[in-house]
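Visitor: Pasting coords10.txt below, which is compact mmCIF, C-alpha atoms.
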# COMPACT_ATOMS: atom_id res chain seq x y z
CA MET A 1 90.21 58.34 -15.28
CA HIS A 2 93.05 60.68 -15.74
CA MET A 3 91.14 62.95 -18.09
CA LEU A 4 88.28 63.43 -15.61
CA THR A 5 90.61 64.38 -12.88
CA GLN A 6 92.25 66.89 -15.14
CA LEU A 7 88.91 68.55 -16.03
CA ALA A 8 87.79 68.74 -12.40
CA SER A 9 90.87 70.42 -11.41
CA THR A 10 90.54 73.18 -14.08
CA THR A 11 89.94 76.67 -12.75
CA PRO A 12 86.49 78.34 -13.64
CA VAL A 13 86.53 80.69 -16.65
CA SER A 14 85.91 84.37 -15.92
CA GLY A 15 82.88 86.14 -17.73
CA GLY A 16 79.82 84.63 -16.07
CA LEU A 17 77.60 81.69 -16.50
CA PHE A 18 76.58 82.30 -20.19
CA GLU A 19 80.15 82.35 -21.16
CA ALA A 20 80.93 79.36 -19.10
CA LEU A 21 78.15 77.53 -20.86
CA GLY A 22 79.17 78.87 -24.24
CA ILE A 23 75.85 80.85 -24.78
CA ASP A 24 75.80 84.10 -26.63
CA TRP A 25 73.16 86.27 -24.99
CA LYS A 26 72.51 88.28 -28.16
CA THR A 27 71.84 85.22 -30.07
CA LEU A 28 69.71 84.08 -27.22
CA VAL A 29 67.62 87.26 -27.26
CA ILE A 30 67.15 87.02 -30.99
CA GLN A 31 66.21 83.43 -30.62
CA ILE A 32 63.71 84.29 -27.88
CA ILE A 33 62.17 87.04 -30.04
CA ALA A 34 62.00 84.68 -32.97
CA PHE A 35 60.47 82.11 -30.76
CA LEU A 36 57.86 84.54 -29.48
CA ILE A 37 57.09 85.62 -33.03
CA LEU A 38 56.75 82.00 -33.93
CA VAL A 39 54.53 81.41 -30.97
CA TRP A 40 52.42 84.41 -31.85
CA ALA A 41 52.19 83.35 -35.49
CA LEU A 42 51.28 79.89 -34.53
CA GLY A 43 48.73 81.20 -32.03
CA LYS A 44 47.35 83.62 -34.54
CA PHE A 45 47.13 81.44 -37.66
CA VAL A 46 47.83 77.79 -37.02
CA TYR A 47 46.45 77.05 -33.63
CA PRO A 48 42.86 78.32 -34.27
CA TRP A 49 42.64 76.32 -37.45
CA LEU A 50 44.06 73.31 -35.71
CA MET A 51 41.71 73.72 -32.78
CA LYS A 52 38.81 74.20 -35.14
CA SER A 53 39.69 70.99 -36.89
CA VAL A 54 40.09 69.24 -33.60
CA ASP A 55 36.75 70.62 -32.39
CA GLU A 56 35.01 69.53 -35.56
CA ARG A 57 36.58 66.16 -35.26
CA GLN A 58 35.54 66.05 -31.65
CA ALA A 59 32.02 67.07 -32.58
CA ASN A 60 31.87 64.49 -35.31
CA ILE A 61 33.08 61.83 -32.97
CA GLU A 62 30.63 62.88 -30.32
CA ALA A 63 27.79 62.91 -32.86
CA ALA A 64 28.84 59.54 -34.14
CA THR A 65 29.03 58.26 -30.61
CA LYS A 66 25.65 59.70 -29.83
CA ALA A 67 24.19 58.23 -33.00
CA ALA A 68 25.76 54.93 -32.17
CA ALA A 69 24.32 55.10 -28.70
CA GLN A 70 20.94 55.99 -30.10
CA ALA A 71 21.21 53.22 -32.62
CA GLN A 72 22.15 50.84 -29.88
CA THR A 73 19.24 52.03 -27.79
CA ALA A 74 16.95 51.73 -30.77
CA ALA A 75 18.32 48.29 -31.48
CA SER A 76 17.88 47.36 -27.88
CA ASP A 77 14.33 48.73 -27.91
CA ALA A 78 13.67 46.91 -31.13
CA GLN A 79 15.01 43.73 -29.62
CA VAL A 80 12.79 44.20 -26.59
CA LYS A 81 9.84 44.92 -28.86
CA VAL A 82 10.67 41.92 -30.97
CA ALA A 83 10.91 39.82 -27.84
CA GLN A 84 7.57 41.22 -26.63
CA LEU A 85 5.99 40.64 -29.98
CA LEU A 86 7.41 37.15 -30.07
CA LYS A 87 6.11 36.49 -26.60
CA GLN A 88 2.71 37.91 -27.51
CA ALA A 89 2.69 35.89 -30.68
CA GLN A 90 3.58 32.77 -28.72
CA ALA A 91 0.83 33.52 -26.22
CA ASN A 92 -1.66 34.12 -29.04
CA ALA A 93 -0.55 30.96 -30.76
CA ALA A 94 -0.93 29.03 -27.52
CA ASP A 95 -4.40 30.52 -27.03
CA ILE A 96 -5.39 29.70 -30.57
CA LEU A 97 -4.03 26.20 -30.19
CA ALA A 98 -5.84 25.71 -26.90
CA THR A 99 -9.07 27.05 -28.37
CA ALA A 100 -8.67 24.86 -31.42
CA LYS A 101 -8.03 21.85 -29.22
CA LEU A 102 -11.04 22.64 -27.09
CA GLU A 103 -13.22 23.15 -30.13
CA SER A 104 -11.97 19.97 -31.70
CA VAL A 105 -12.63 18.04 -28.49
CA THR A 106 -16.10 19.57 -28.23
CA ALA A 107 -16.83 18.86 -31.87
CA LEU A 108 -15.59 15.33 -31.43
CA ALA A 109 -17.75 14.83 -28.36
CA VAL A 110 -20.80 16.23 -30.15
CA SER A 111 -20.10 14.06 -33.14
CA GLU A 112 -19.67 10.99 -30.96
CA GLU A 113 -22.90 11.77 -29.13
CA LYS A 114 -24.74 12.20 -32.41
CA SER A 115 -23.30 8.98 -33.75
CA ARG A 116 -24.23 7.14 -30.55
CA LYS A 117 -27.79 8.46 -30.63
CA ARG A 118 -28.10 7.64 -34.31
CA ALA A 119 -26.82 4.13 -33.69
CA GLU A 120 -29.23 3.68 -30.79
CA GLN A 121 -32.08 4.96 -32.93
CA ILE A 122 -31.19 2.56 -35.72
CA VAL A 123 -31.04 -0.35 -33.29
CA SER A 124 -34.30 0.71 -31.68
CA ASP A 125 -36.01 1.06 -35.05
CA ALA A 126 -34.69 -2.30 -36.13
CA GLN A 127 -35.92 -3.94 -32.93
CA ALA A 128 -39.32 -2.27 -33.31
CA GLU A 129 -39.50 -3.40 -36.91
CA ILE A 130 -38.52 -6.94 -35.96
CA THR A 131 -41.08 -6.97 -33.15
CA LYS A 132 -43.70 -5.66 -35.52
CA GLU A 133 -42.86 -8.28 -38.09
CA VAL A 134 -42.91 -11.01 -35.46
CA ILE A 135 -46.31 -9.85 -34.24
CA GLY A 136 -47.55 -9.71 -37.82
CA ALA A 137 -46.21 -13.18 -38.53
CA LYS A 138 -47.79 -14.54 -35.35
CA LYS A 139 -51.08 -12.91 -36.25
CA LEU A 140 -50.92 -14.29 -39.76
CA LEU A 141 -50.08 -17.73 -38.44
CA TYR A 142 -52.90 -17.52 -35.92
CA ASN A 143 -55.42 -16.47 -38.55
CA GLU A 144 -54.27 -19.10 -40.98
CA THR A 145 -54.48 -21.73 -38.25
CA LEU A 146 -57.96 -20.52 -37.41
CA GLU A 147 -59.00 -20.72 -41.03
CA LEU A 148 -57.43 -24.15 -41.32
CA VAL A 149 -59.25 -25.39 -38.23
CA ALA A 150 -62.54 -24.03 -39.55
CA MET A 151 -61.99 -25.63 -42.93
CA ALA A 152 -60.96 -28.94 -41.40
CA THR A 153 -63.98 -28.87 -39.11
CA GLU A 154 -66.26 -28.22 -42.06
CA LYS A 155 -64.76 -31.10 -44.00
CA VAL A 156 -64.84 -33.51 -41.08
CA ILE A 157 -68.34 -32.62 -39.99
CA GLY A 158 -69.55 -32.77 -43.57
CA LYS A 159 -68.27 -36.34 -43.73
CA VAL A 160 -69.28 -37.66 -40.32
CA ALA A 161 -72.52 -35.81 -39.57
CA THR A 162 -75.69 -37.90 -39.73
CA SER A 163 -79.34 -37.28 -39.03
CA LYS A 164 -78.87 -38.88 -35.66
CA THR A 165 -75.91 -36.77 -34.61
CA ASP A 166 -77.68 -33.69 -35.94
CA SER A 167 -80.75 -34.44 -33.83
CA LYS A 168 -78.55 -34.84 -30.80
CA LEU A 169 -76.82 -31.59 -31.61
CA ILE A 170 -80.11 -29.76 -31.95
CA GLU A 171 -81.41 -31.19 -28.68
CA ASP A 172 -78.26 -30.07 -26.91
CA ALA A 173 -78.54 -26.62 -28.46
CA ILE A 174 -82.14 -26.32 -27.34
CA LYS A 175 -81.18 -27.33 -23.82
CA ALA A 176 -78.40 -24.76 -23.85
CA VAL A 177 -80.77 -22.05 -25.04
CA LYS A 178 -83.25 -22.85 -22.29
CA MET B 1 -110.70 9.04 -55.59
CA ALA B 2 -109.74 5.83 -53.76
CA VAL B 3 -108.05 6.19 -50.39
CA ARG B 4 -104.66 4.48 -50.20
CA LEU B 5 -104.78 1.91 -47.40
CA SER B 6 -101.75 1.66 -45.19
CA ARG B 7 -99.82 -1.57 -45.06
CA ARG B 8 -100.52 -1.82 -41.38
CA LYS B 9 -104.29 -1.79 -41.97
CA ILE B 10 -104.05 -4.36 -44.71
CA THR B 11 -101.93 -6.74 -42.67
CA GLY B 12 -104.07 -6.20 -39.59
CA TYR B 13 -107.14 -7.12 -41.60
CA ILE B 14 -105.57 -10.27 -43.01
CA ALA B 15 -104.39 -11.34 -39.56
CA GLU B 16 -107.83 -10.80 -38.11
CA GLN B 17 -109.40 -12.84 -40.89
CA LEU B 18 -106.95 -15.68 -40.34
CA MET B 19 -107.68 -15.63 -36.64
CA ALA B 20 -111.40 -15.72 -37.43
CA GLY B 21 -110.89 -18.90 -39.40
CA VAL B 22 -111.28 -17.60 -42.90
CA LYS B 23 -109.68 -19.87 -45.45
CA THR B 24 -106.16 -18.95 -46.29
CA GLU B 25 -106.62 -19.49 -50.04
CA GLN B 26 -109.50 -17.04 -50.10
CA LEU B 27 -107.54 -14.40 -48.22
CA VAL B 28 -104.56 -14.86 -50.51
CA LEU B 29 -106.75 -14.34 -53.55
CA GLN B 30 -108.27 -11.20 -52.06
CA LEU B 31 -104.92 -9.79 -51.16
CA ALA B 32 -103.46 -10.55 -54.57
CA ALA B 33 -106.41 -8.92 -56.29
CA PHE B 34 -106.12 -5.88 -54.10
CA LEU B 35 -102.39 -5.49 -54.68
CA ILE B 36 -102.76 -5.86 -58.42
CA ASP B 37 -105.64 -3.44 -58.51
CA SER B 38 -103.84 -0.86 -56.42
CA LYS B 39 -100.57 -1.47 -58.27
CA ARG B 40 -98.72 -2.37 -55.06
CA THR B 41 -97.47 -5.81 -55.97
CA ASN B 42 -93.92 -4.74 -55.19
CA GLU B 43 -94.93 -4.59 -51.51
CA VAL B 44 -95.89 -8.24 -51.31
CA GLY B 45 -92.75 -9.25 -49.43
CA LEU B 46 -93.21 -6.54 -46.85
CA ILE B 47 -96.88 -7.38 -46.48
CA VAL B 48 -96.17 -11.05 -45.83
CA ARG B 49 -93.59 -10.07 -43.23
CA ASP B 50 -96.05 -7.68 -41.59
CA ILE B 51 -98.78 -10.33 -41.58
CA GLU B 52 -96.41 -12.65 -39.75
CA TYR B 53 -95.68 -9.86 -37.30
CA GLU B 54 -99.39 -9.22 -36.74
CA LEU B 55 -99.96 -12.93 -36.19
CA THR B 56 -97.08 -13.02 -33.75
CA LYS B 57 -98.73 -10.30 -31.72
CA ARG B 58 -101.80 -12.50 -31.66
CA GLY B 59 -99.89 -15.56 -30.44
CA ILE B 60 -99.40 -17.31 -33.76
CA ILE B 61 -95.84 -17.80 -34.94
CA ALA B 62 -94.71 -18.78 -38.40
CA ALA B 63 -91.16 -19.90 -37.89
CA GLN B 64 -88.64 -20.79 -40.57
CA VAL B 65 -86.23 -23.46 -39.44
CA THR B 66 -83.14 -24.47 -41.38
CA SER B 67 -81.07 -27.59 -40.73
CA ALA B 68 -78.73 -29.94 -42.55
CA PHE B 69 -80.99 -32.94 -42.09
CA ASP B 70 -84.70 -33.50 -41.81
CA PHE B 71 -86.12 -33.26 -38.31
CA THR B 72 -87.22 -36.26 -36.35
CA GLU B 73 -90.60 -35.91 -34.71
CA ALA B 74 -88.96 -35.49 -31.33
CA THR B 75 -86.76 -32.73 -32.64
CA ARG B 76 -89.71 -31.00 -34.25
CA LEU B 77 -91.62 -31.08 -30.97
CA ALA B 78 -88.59 -29.81 -29.08
CA VAL B 79 -88.15 -26.90 -31.48
CA THR B 80 -91.84 -26.03 -31.30
CA LYS B 81 -91.75 -26.12 -27.55
CA LEU B 82 -88.71 -23.90 -27.48
CA ILE B 83 -90.35 -21.32 -29.72
CA LYS B 84 -93.45 -21.29 -27.58
CA GLU B 85 -91.39 -20.77 -24.46
CA LYS B 86 -89.33 -17.99 -25.97
CA THR B 87 -92.16 -16.06 -27.62
CA GLY B 88 -95.18 -16.96 -25.49
CA ALA B 89 -97.06 -18.01 -28.62
CA HIS B 90 -99.85 -20.54 -28.33
CA GLN B 91 -99.60 -21.76 -31.88
CA VAL B 92 -96.43 -22.38 -33.91
CA TYR B 93 -96.12 -23.20 -37.58
CA LEU B 94 -92.78 -24.54 -38.74
CA ARG B 95 -91.49 -24.12 -42.27
CA GLN B 96 -88.48 -26.32 -42.56
CA PHE B 97 -85.63 -25.87 -45.07
CA ILE B 98 -82.87 -28.42 -45.61
CA ASP B 99 -79.52 -26.79 -46.26
CA PRO B 100 -76.40 -29.03 -46.06
CA ASP B 101 -74.22 -25.91 -45.86
CA VAL B 102 -75.26 -25.36 -42.25
CA LEU B 103 -73.46 -28.67 -41.46
CA GLY B 104 -75.42 -29.31 -38.28
CA GLY B 105 -77.68 -27.72 -35.70
CA VAL B 106 -80.65 -25.52 -36.47
CA ARG B 107 -81.36 -21.94 -37.39
CA ILE B 108 -84.78 -20.60 -36.34
CA ASP B 109 -85.99 -17.41 -37.98
CA LEU B 110 -88.90 -15.72 -36.21
CA PRO B 111 -90.45 -12.33 -36.91
CA GLY B 112 -87.97 -9.91 -35.38
CA MET B 113 -85.81 -12.65 -33.91
CA GLN B 114 -83.32 -15.28 -35.00
CA LEU B 115 -81.82 -18.21 -33.11
CA ASP B 116 -78.84 -19.71 -34.89
CA THR B 117 -77.12 -22.74 -33.37
CA THR B 118 -75.76 -24.14 -36.61
CA ILE B 119 -72.18 -25.34 -36.93
CA ALA B 120 -71.73 -23.11 -39.96
CA ARG B 121 -72.62 -20.13 -37.81
CA ARG B 122 -70.16 -21.20 -35.12
CA LEU B 123 -67.42 -21.61 -37.67
CA THR B 124 -68.19 -18.20 -39.11
CA THR B 125 -68.00 -16.77 -35.61
CA LEU B 126 -64.68 -18.53 -35.14
CA ARG B 127 -63.38 -17.10 -38.40
CA THR B 128 -64.55 -13.55 -37.76
CA ASN B 129 -64.67 -12.91 -34.02
CA TYR B 130 -61.43 -14.64 -33.13
CA LYS B 131 -59.48 -13.39 -36.09
CA LYS B 132 -56.76 -10.89 -35.13
How would this structure read if it were set down as structure tokens?

Guide:
Amino acid sequence: MHMLTQLASTTPVSGGLFEALGIDWKTLVIQIIAFLILVWALGKFVYPWLMKSVDERQANIEAATKAAAQAQTAASDAQVKVAQLLKQAQANAADILATAKLESVTALAVSEEKSRKRAEQIVSDAQAEITKEVIGAKKLLYNETLELVAMATEKVIGKVATSKTDSKLIEDAIKAVK
Amino acid sequence: MAVRLSRRKITGYIAEQLMAGVKTEQLVLQLAAFLIDSKRTNEVGLIVRDIEYELTKRGIIAAQVTSAFDFTEATRLAVTKLIKEKTGAHQVYLRQFIDPDVLGGVRIDLPGMQLDTTIARRLTTLRTNYKK
């Protein structure tokens, strides 16, 4: 606290501001010139090269970014196309499945109809055959009965017929003819 | 060259001679001689049939009757009467044949006509007509 008060109370040094600040103006000029030369040299030789590098880097980055964007777009397009293709494929598959189902149902129905008709035909043929056989058997039985009756009649009449019965038979026949 | 006589003329002649009362034996001899001479003996069956036909036209019937038993007189008369009624003949000659196979009834064979009332015939009809 005492030191600060002592400094504040010191009287300003004569010789201007540079001297007060401890700056040598000659050194300052030289330093400015050196600085300008440095700036010029940097601007002439270093800065263009640096800028060129930066520009190239910038261009590379931009190109990479653009390529990435294009790749992303292409990927996105590809994804959309894949999705469309998948959807189309699903639709086609569904169509094919539906068609196959329809065809299978139709084929099944046709097959069932054919089987039913075939079965009906077989039953009908069997019934017709049975009927035919029954008719044939009845006819055979009838004819055999007829033959049997005729034979029996022959035998019986051959045993029982007499001259008297024959005369009666002839008289009746003559009456019937008249 | 001898003219070939038709069967119709021959049978007509024989029938006329029979109707005129010429003896049957004499006519038979004449006919046999003629057939032998003209080499037509194979026609004898046809000629006899035609003579019967010619006689039928003249009212004389030669009927062949077949039965299982011999006729009684009443049956014979009944058959003769029936033939007369059916043919209009005024004279009927019966030639009877006994055939047990007919079983019963009578079969009358006339020229161009047959009347069959035999049981054998009826049984044959039963066997044939009613057979399915």

Visitor: Residues of chain A that have any atom at most 8 Å from an atom of chain B: could you tabulate them with the shortest-distance atom pair and the distance in Å to one decimal, using all atoms listed in the file, ordered by chain and increasing number, as a Markdown table?

Guide:
| residue | atom | partner | partner_atom | distance |
| --- | --- | --- | --- | --- |
| A:Lys139 | CA | B:Lys132 | CA | 6.1 |
| A:Tyr142 | CA | B:Lys132 | CA | 7.7 |
| A:Asn143 | CA | B:Lys131 | CA | 5.7 |
| A:Leu146 | CA | B:Arg127 | CA | 6.5 |
| A:Glu147 | CA | B:Arg127 | CA | 6.3 |
| A:Ala150 | CA | B:Leu123 | CA | 5.8 |
| A:Glu154 | CA | B:Leu103 | CA | 7.2 |
| A:Ile157 | CA | B:Leu103 | CA | 6.6 |
| A:Gly158 | CA | B:Leu103 | CA | 6.0 |
| A:Ala161 | CA | B:Gly104 | CA | 7.2 |
| A:Thr162 | CA | B:Phe69 | CA | 7.6 |
| A:Ser163 | CA | B:Phe69 | CA | 5.6 |
| A:Asp166 | CA | B:Gly104 | CA | 5.5 |
| A:Ser167 | CA | B:Thr75 | CA | 6.4 |
| A:Leu169 | CA | B:Gly105 | CA | 5.7 |
| A:Ile170 | CA | B:Gly105 | CA | 4.9 |
| A:Glu171 | CA | B:Thr75 | CA | 6.8 |
| A:Ala173 | CA | B:Thr117 | CA | 6.4 |
| A:Ile174 | CA | B:Leu82 | CA | 7.0 |
| A:Lys178 | CA | B:Leu82 | CA | 7.6 |

Visitor: Next, the residues of the selection above should be written as a PDB file, in the frame of the given file with C-alpha atoms.

Guide:
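Okay, this is what ended up in part-v7.pdb:
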ATOM      1  CA  LYS A 139     -51.080 -12.910 -36.250  1.00  0.00           C
ATOM      2  CA  TYR A 142     -52.900 -17.520 -35.920  1.00  0.00           C
ATOM      3  CA  ASN A 143     -55.420 -16.470 -38.550  1.00  0.00           C
ATOM      4  CA  LEU A 146     -57.960 -20.520 -37.410  1.00  0.00           C
ATOM      5  CA  GLU A 147     -59.000 -20.720 -41.030  1.00  0.00           C
ATOM      6  CA  ALA A 150     -62.540 -24.030 -39.550  1.00  0.00           C
ATOM      7  CA  GLU A 154     -66.260 -28.220 -42.060  1.00  0.00           C
ATOM      8  CA  ILE A 157     -68.340 -32.620 -39.990  1.00  0.00           C
ATOM      9  CA  GLY A 158     -69.550 -32.770 -43.570  1.00  0.00           C
ATOM     10  CA  ALA A 161     -72.520 -35.810 -39.570  1.00  0.00           C
ATOM     11  CA  THR A 162     -75.690 -37.900 -39.730  1.00  0.00           C
ATOM     12  CA  SER A 163     -79.340 -37.280 -39.030  1.00  0.00           C
ATOM     13  CA  ASP A 166     -77.680 -33.690 -35.940  1.00  0.00           C
ATOM     14  CA  SER A 167     -80.750 -34.440 -33.830  1.00  0.00           C
ATOM     15  CA  LEU A 169     -76.820 -31.590 -31.610  1.00  0.00           C
ATOM     16  CA  ILE A 170     -80.110 -29.760 -31.950  1.00  0.00           C
ATOM     17  CA  GLU A 171     -81.410 -31.190 -28.680  1.00  0.00           C
ATOM     18  CA  ALA A 173     -78.540 -26.620 -28.460  1.00  0.00           C
ATOM     19  CA  ILE A 174     -82.140 -26.320 -27.340  1.00  0.00           C
ATOM     20  CA  LYS A 178     -83.250 -22.850 -22.290  1.00  0.00           C
TER      21      LYS A 178
END

Visitor: Rounded to one decimal in Å, what is the spacing between atom CA of A:Leu36 and atom CA of A:Gln58?

Guide: 29.1 Å

Visitor: May I ask which of the residues B:Lys39, B:Arg49, B:Arg121, B:His90 is the closest one to B:Thr11, counting all atoms listed in the file?

Guide: B:Arg49

Visitor: Quick one: distance from atom CA of A:Lys175 to atom CA of B:Leu77 in Å, one decimal?

Guide: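 That distance, rounded to one decimal, is 13.2 Å.
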
Visitor: Please fill the gaps in stretch 5-19 of chain B so it has N, CA and C atoms, and write that as a CSV table (one decimal), in the coordinates of the input.

Guide:
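File out.csv, as written:
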chain,number,residue,atom,x,y,z
B,5,LEU,N,-104.8,2.6,-48.7
B,5,LEU,CA,-104.8,1.9,-47.4
B,5,LEU,C,-103.3,1.7,-47.0
B,6,SER,N,-103.1,1.9,-45.7
B,6,SER,CA,-101.8,1.7,-45.2
B,6,SER,C,-101.5,0.2,-45.1
B,7,ARG,N,-100.2,-0.2,-45.1
B,7,ARG,CA,-99.8,-1.6,-45.1
B,7,ARG,C,-100.2,-2.2,-43.7
B,8,ARG,N,-100.2,-1.4,-42.7
B,8,ARG,CA,-100.5,-1.8,-41.4
B,8,ARG,C,-102.0,-2.2,-41.3
B,9,LYS,N,-102.9,-1.5,-42.0
B,9,LYS,CA,-104.3,-1.8,-42.0
B,9,LYS,C,-104.5,-3.1,-42.8
B,10,ILE,N,-103.9,-3.2,-43.9
B,10,ILE,CA,-104.0,-4.4,-44.7
B,10,ILE,C,-103.6,-5.6,-43.9
B,11,THR,N,-102.4,-5.6,-43.4
B,11,THR,CA,-101.9,-6.7,-42.7
B,11,THR,C,-102.8,-7.0,-41.4
B,12,GLY,N,-103.2,-6.0,-40.8
B,12,GLY,CA,-104.1,-6.2,-39.6
B,12,GLY,C,-105.4,-6.9,-40.0
B,13,TYR,N,-105.9,-6.5,-41.1
B,13,TYR,CA,-107.1,-7.1,-41.6
B,13,TYR,C,-106.9,-8.6,-41.9
B,14,ILE,N,-105.9,-8.9,-42.6
B,14,ILE,CA,-105.6,-10.3,-43.0
B,14,ILE,C,-105.4,-11.1,-41.8
B,15,ALA,N,-104.6,-10.6,-40.8
B,15,ALA,CA,-104.4,-11.3,-39.6
B,15,ALA,C,-105.7,-11.6,-38.8
B,16,GLU,N,-106.5,-10.6,-38.8
B,16,GLU,CA,-107.8,-10.8,-38.1
B,16,GLU,C,-108.7,-11.9,-38.8
B,17,GLN,N,-108.6,-11.9,-40.1
B,17,GLN,CA,-109.4,-12.8,-40.9
B,17,GLN,C,-108.9,-14.2,-40.7
B,18,LEU,N,-107.6,-14.4,-40.6
B,18,LEU,CA,-107.0,-15.7,-40.3
B,18,LEU,C,-107.3,-16.2,-39.0
B,19,MET,N,-107.3,-15.3,-38.0
B,19,MET,CA,-107.7,-15.6,-36.6
B,19,MET,C,-109.2,-16.0,-36.6
